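**Q** Have a look at this one.
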There are 2 protein chains.
Amino acid sequence: MPSPQNRGNHQSVRHIIMDTALELFTGNGYFNTTVHHIQKAAGISIGSIYHHFKNKEAIAKAIYDALIDQMSQAILNIMQQHDSTKDRCRAVISYLFELTENEPRKMHYMLHANHKEFIPDQKPVCSSVPFEMIASMVPIGMTNGEIKPMDPIAASVCLFGPALRLIHLKLDGVIQRPLSEYFDEIWNAAWEGLAV
Amino acid sequence: MPSPQNRGNHQSVRHIIMDTALELFTGNGYFNTTVHHIQKAAGISIGSIYHHFKNKEAIAKAIYDALIDQMSQAILNIMQQHDSTKDRCRAVISYLFELTENEPRKMHYMLHANHKEFIPDQKPVCSSVPFEMIASMVPIGMTNGEIKPMDPIAASVCLFGPALRLIHLKLDGVIQRPLSEYFDEIWNAAWEGLAV
DNA sequence: GTCTATACTCAGATAGAC
DNA sequence: GTCTATCTGAGTATAGAC
């Protein structure tokens, strides 16, 4: 057993609480999930939860912050690994599809949850760092001549709107097939409408 | 004063409750809105609310059903007034934009609210009648040769995804300009990617 | 049909032993 | 750090007068 076992256990329980809460929040909704539900599902006591988090809201905030960090890092990597706007946008959509398939709870929490309803003074998700990063890719593509000159917001929704819509449908259980099977068709159609 | 004043008042109070609740539900969220809030904002008593509705959930359900009816009727009219898939889709997006501008609360309630969290056994909005009607337009356009042969779901998200994304951004307050200013650009880009 | 006052339930949070 | 037992307040819904 490693020496800093207290620190290790602390982190561990914290993550168990966050993982369990994410599952319940996305499955049943934040307000339908009681701290007692989390306690029972995580197999720990209420006292332990309140030892690690100030209150229920703090759990939701911690989950949200962790997801924002994870996504920001992923987008940053994509920006560094690709040079053209076209490749970057493709890679971003591909990443969002994979995240939806592999960790649908996380994607659900980012896209479906109305965070301002339970986290006070929360900016909408689309104004968060990772989404701002994604949005910033479009003007770049316009200045270097990859994308038609047009309103940046219009271009942005044309490029990412279809993919985000598809993710919504997947998370709602409306479609069953893996998102990757749709990738080429929606990417080609979107890019064809925007490319110079 | 018209003779059926009881019936008239009944309808009136019912609608006042629904309008007030819609305002509060979309502004603060369903779970953050207490029946006391509705009572106070509507300027009526709590007893009166429970006279007209079984409970808070029934108010939410009544609002939802009314909106679904209103949208279904509007889409039906559009289907009857236009023949080509292209014109129909244009008209639908135009209608959704106008609804967002003129009655943002209604649009917010349809798109942002996670109804399954407070209305049991509720299908997701995208499986509701008006959205099924919209989705049904795409295969029609494919069989009569207006739209490229491709996966119907892929085509559907390409056609309506950008518009829905734009509506989301508008409702979140991320964009201020009227949606009509974006219409041509996103419509042309989307249609260009799909048209034969 | 509308009102006020109130009963009841239960989720959020705390206290304090271990 | 974790636990059980408990408190408190808020919010839903009802009772019953008018």
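Chain identifiers are assigned as A, B, and so on, following the order in which chains appear in the structure tokens; residues are numbered from 1 within each chain, and ligands are numbered from 1 in order of appearance.
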Fewer than 5 positions away in the same chain doesn't count, so skip those; otherwise give me all residues within 7 Å of segment 170-187 of chain B, counting only C-alpha atoms (C1' of nucleotides), as a list in words.

**A** Pro124, Ala154 and Cys158 of chain A; Phe97, Pro104, His108 and Pro162 of chain B

**Q** Quick one: residues within 10 Å of segment 2-10 of chain C, only C-alpha atoms (C1' of nucleotides), excluding same-chain residues fewer than 4 positions away - as a PyMOL selection string?

**A** (chain B and resi 44-49+51) or (chain D and resi 10-18)

**Q** Keeping only N, CA and C atoms (P, O5', C5', C4', C3', O3' and C1' of nucleotides), write the selected residues as a short mmCIF file (atom, residue, chain, number, x, y, z; two decimals), in the first residue's frame.

**A**
```cif
data_model
loop_
_atom_site.label_atom_id
_atom_site.label_comp_id
_atom_site.auth_asym_id
_atom_site.auth_seq_id
_atom_site.Cartn_x
_atom_site.Cartn_y
_atom_site.Cartn_z
N ILE B 44 -53.16 35.38 -7.78
CA ILE B 44 -54.31 34.61 -7.33
C ILE B 44 -53.91 33.76 -6.14
N SER B 45 -54.83 33.01 -5.62
CA SER B 45 -54.53 32.22 -4.42
C SER B 45 -54.11 30.81 -4.77
N ILE B 46 -53.47 30.18 -3.81
CA ILE B 46 -53.00 28.82 -4.02
C ILE B 46 -54.18 27.86 -4.17
N GLY B 47 -55.24 28.14 -3.41
CA GLY B 47 -56.42 27.30 -3.52
C GLY B 47 -57.00 27.32 -4.92
N SER B 48 -56.95 28.47 -5.54
CA SER B 48 -57.48 28.61 -6.89
C SER B 48 -56.67 27.78 -7.88
N ILE B 49 -55.37 27.81 -7.71
CA ILE B 49 -54.52 27.01 -8.60
C ILE B 49 -54.87 25.54 -8.48
N HIS B 51 -57.56 24.35 -7.56
CA HIS B 51 -58.90 24.09 -8.07
C HIS B 51 -58.85 23.78 -9.57
P DA D 10 -37.04 28.26 4.83
"O5'" DA D 10 -37.42 27.39 3.57
"C5'" DA D 10 -36.51 26.39 3.11
"C4'" DA D 10 -37.22 25.50 2.11
"C3'" DA D 10 -38.28 26.23 1.30
"O3'" DA D 10 -38.26 25.70 -0.01
"C1'" DA D 10 -39.28 24.46 2.50
P DG D 11 -38.97 26.43 -1.22
"O5'" DG D 11 -40.04 25.36 -1.65
"C5'" DG D 11 -39.63 24.01 -1.82
"C4'" DG D 11 -40.85 23.14 -1.88
"C3'" DG D 11 -42.02 23.78 -2.64
"O3'" DG D 11 -42.59 22.80 -3.47
"C1'" DG D 11 -42.73 23.13 -0.51
P DT D 12 -43.68 23.17 -4.56
"O5'" DT D 12 -44.71 21.97 -4.36
"C5'" DT D 12 -44.22 20.66 -4.18
"C4'" DT D 12 -45.29 19.83 -3.50
"C3'" DT D 12 -46.65 19.89 -4.17
"O3'" DT D 12 -47.12 18.56 -4.38
"C1'" DT D 12 -46.86 20.39 -1.86
P DA D 13 -48.38 18.32 -5.38
"O5'" DA D 13 -49.58 18.37 -4.33
"C5'" DA D 13 -49.53 17.48 -3.23
"C4'" DA D 13 -50.54 17.90 -2.19
"C3'" DA D 13 -51.96 18.12 -2.72
"O3'" DA D 13 -52.79 17.10 -2.22
"C1'" DA D 13 -51.32 19.77 -1.11
P DT D 14 -54.37 17.13 -2.46
"O5'" DT D 14 -54.89 17.68 -1.06
"C5'" DT D 14 -54.30 17.18 0.14
"C4'" DT D 14 -55.01 17.74 1.36
"C3'" DT D 14 -56.53 17.82 1.25
"O3'" DT D 14 -57.08 17.42 2.49
"C1'" DT D 14 -55.68 19.95 1.74
P DA D 15 -58.67 17.13 2.56
"O5'" DA D 15 -59.08 18.14 3.73
"C5'" DA D 15 -58.09 18.63 4.62
"C4'" DA D 15 -58.73 19.64 5.57
"C3'" DA D 15 -60.26 19.62 5.62
"O3'" DA D 15 -60.67 19.98 6.93
"C1'" DA D 15 -59.52 21.69 4.73
P DG D 16 -62.20 19.80 7.33
"O5'" DG D 16 -62.76 21.28 7.23
"C5'" DG D 16 -62.04 22.33 7.86
"C4'" DG D 16 -62.53 23.64 7.35
"C3'" DG D 16 -64.05 23.72 7.15
"O3'" DG D 16 -64.47 25.00 7.54
"C1'" DG D 16 -62.99 24.39 5.21
P DA D 17 -66.05 25.31 7.76
"O5'" DA D 17 -66.06 26.90 7.82
"C5'" DA D 17 -65.02 27.59 8.51
"C4'" DA D 17 -64.72 28.91 7.79
"C3'" DA D 17 -65.98 29.74 7.51
"O3'" DA D 17 -65.69 31.13 7.74
"C1'" DA D 17 -64.85 29.26 5.48
P DC D 18 -66.90 32.17 7.77
"O5'" DC D 18 -67.02 32.64 6.26
"C5'" DC D 18 -66.09 33.60 5.73
"C4'" DC D 18 -66.33 33.74 4.26
"C3'" DC D 18 -67.71 34.22 3.86
"O3'" DC D 18 -67.67 35.59 3.46
"C1'" DC D 18 -66.85 32.55 2.38
#
```

**Q** Find the distance between atom C1' of DA11 of chain C and atom CA of Ile68 of chain A and write it in Å to one decimal.

**A** 28.7 Å

**Q** Enumerate as an MDAnalysis selection string the residues belonging to chain C that approach chain A to within 10 Å, with only C-alpha atoms (C1' of nucleotides) taken into account.

**A** chainID C and resid 11:14

**Q** Please dump the current selection as a PDB file, in the first residue's frame; keep N, CA and C atoms (P, O5', C5', C4', C3', O3' and C1' of nucleotides).

**A**
```pdb
ATOM      1  P    DA C  11     -37.190  12.801  -0.549  1.00  0.00           P
ATOM      2  O5'  DA C  11     -36.088  13.830  -1.035  1.00  0.00           O
ATOM      3  C5'  DA C  11     -36.481  15.097  -1.537  1.00  0.00           C
ATOM      4  C4'  DA C  11     -35.607  16.178  -0.948  1.00  0.00           C
ATOM      5  C3'  DA C  11     -34.123  15.820  -0.927  1.00  0.00           C
ATOM      6  O3'  DA C  11     -33.374  16.933  -1.375  1.00  0.00           O
ATOM      7  C1'  DA C  11     -34.830  16.461   1.246  1.00  0.00           C
ATOM      8  P    DG C  12     -31.830  16.908  -1.553  1.00  0.00           P
ATOM      9  O5'  DG C  12     -31.375  17.921  -0.418  1.00  0.00           O
ATOM     10  C5'  DG C  12     -31.844  19.256  -0.464  1.00  0.00           C
ATOM     11  C4'  DG C  12     -31.285  20.025   0.709  1.00  0.00           C
ATOM     12  C3'  DG C  12     -29.770  19.961   0.838  1.00  0.00           C
ATOM     13  O3'  DG C  12     -29.293  21.261   1.194  1.00  0.00           O
ATOM     14  C1'  DG C  12     -30.776  19.079   2.804  1.00  0.00           C
ATOM     15  P    DA C  13     -27.712  21.534   1.120  1.00  0.00           P
ATOM     16  O5'  DA C  13     -27.322  21.352   2.655  1.00  0.00           O
ATOM     17  C5'  DA C  13     -28.008  22.155   3.611  1.00  0.00           C
ATOM     18  C4'  DA C  13     -27.779  21.614   5.007  1.00  0.00           C
ATOM     19  C3'  DA C  13     -26.309  21.409   5.403  1.00  0.00           C
ATOM     20  O3'  DA C  13     -25.976  22.393   6.375  1.00  0.00           O
ATOM     21  C1'  DA C  13     -27.728  19.642   6.179  1.00  0.00           C
ATOM     22  P    DT C  14     -24.530  22.352   7.061  1.00  0.00           P
ATOM     23  O5'  DT C  14     -24.838  21.620   8.439  1.00  0.00           O
ATOM     24  C5'  DT C  14     -25.993  22.008   9.173  1.00  0.00           C
ATOM     25  C4'  DT C  14     -26.036  21.278  10.507  1.00  0.00           C
ATOM     26  C3'  DT C  14     -24.700  21.183  11.247  1.00  0.00           C
ATOM     27  O3'  DT C  14     -24.928  21.509  12.615  1.00  0.00           O
ATOM     28  C1'  DT C  14     -25.634  19.041  11.002  1.00  0.00           C
TER      29       DT C  14
END
```

**Q** At a cut-off of 6 Å, using only C-alpha atoms (C1' of nucleotides), what residues contact segment 189-195 of chain B? Leave out same-chain residues fewer than 4 positions from it and give the result as a PyMOL selection string.

**A** (chain A and resi 189+192-193) or (chain B and resi 147-148+159)

**Q** Fewer than 4 positions away in the same chain doesn't count, so skip those; otherwise give me all residues within 9 Å of Ser156 of chain B, counting only C-alpha atoms (C1' of nucleotides), as a PyMOL selection string.

**A** (chain A and resi 162) or (chain B and resi 134-139+151-152+160-161)
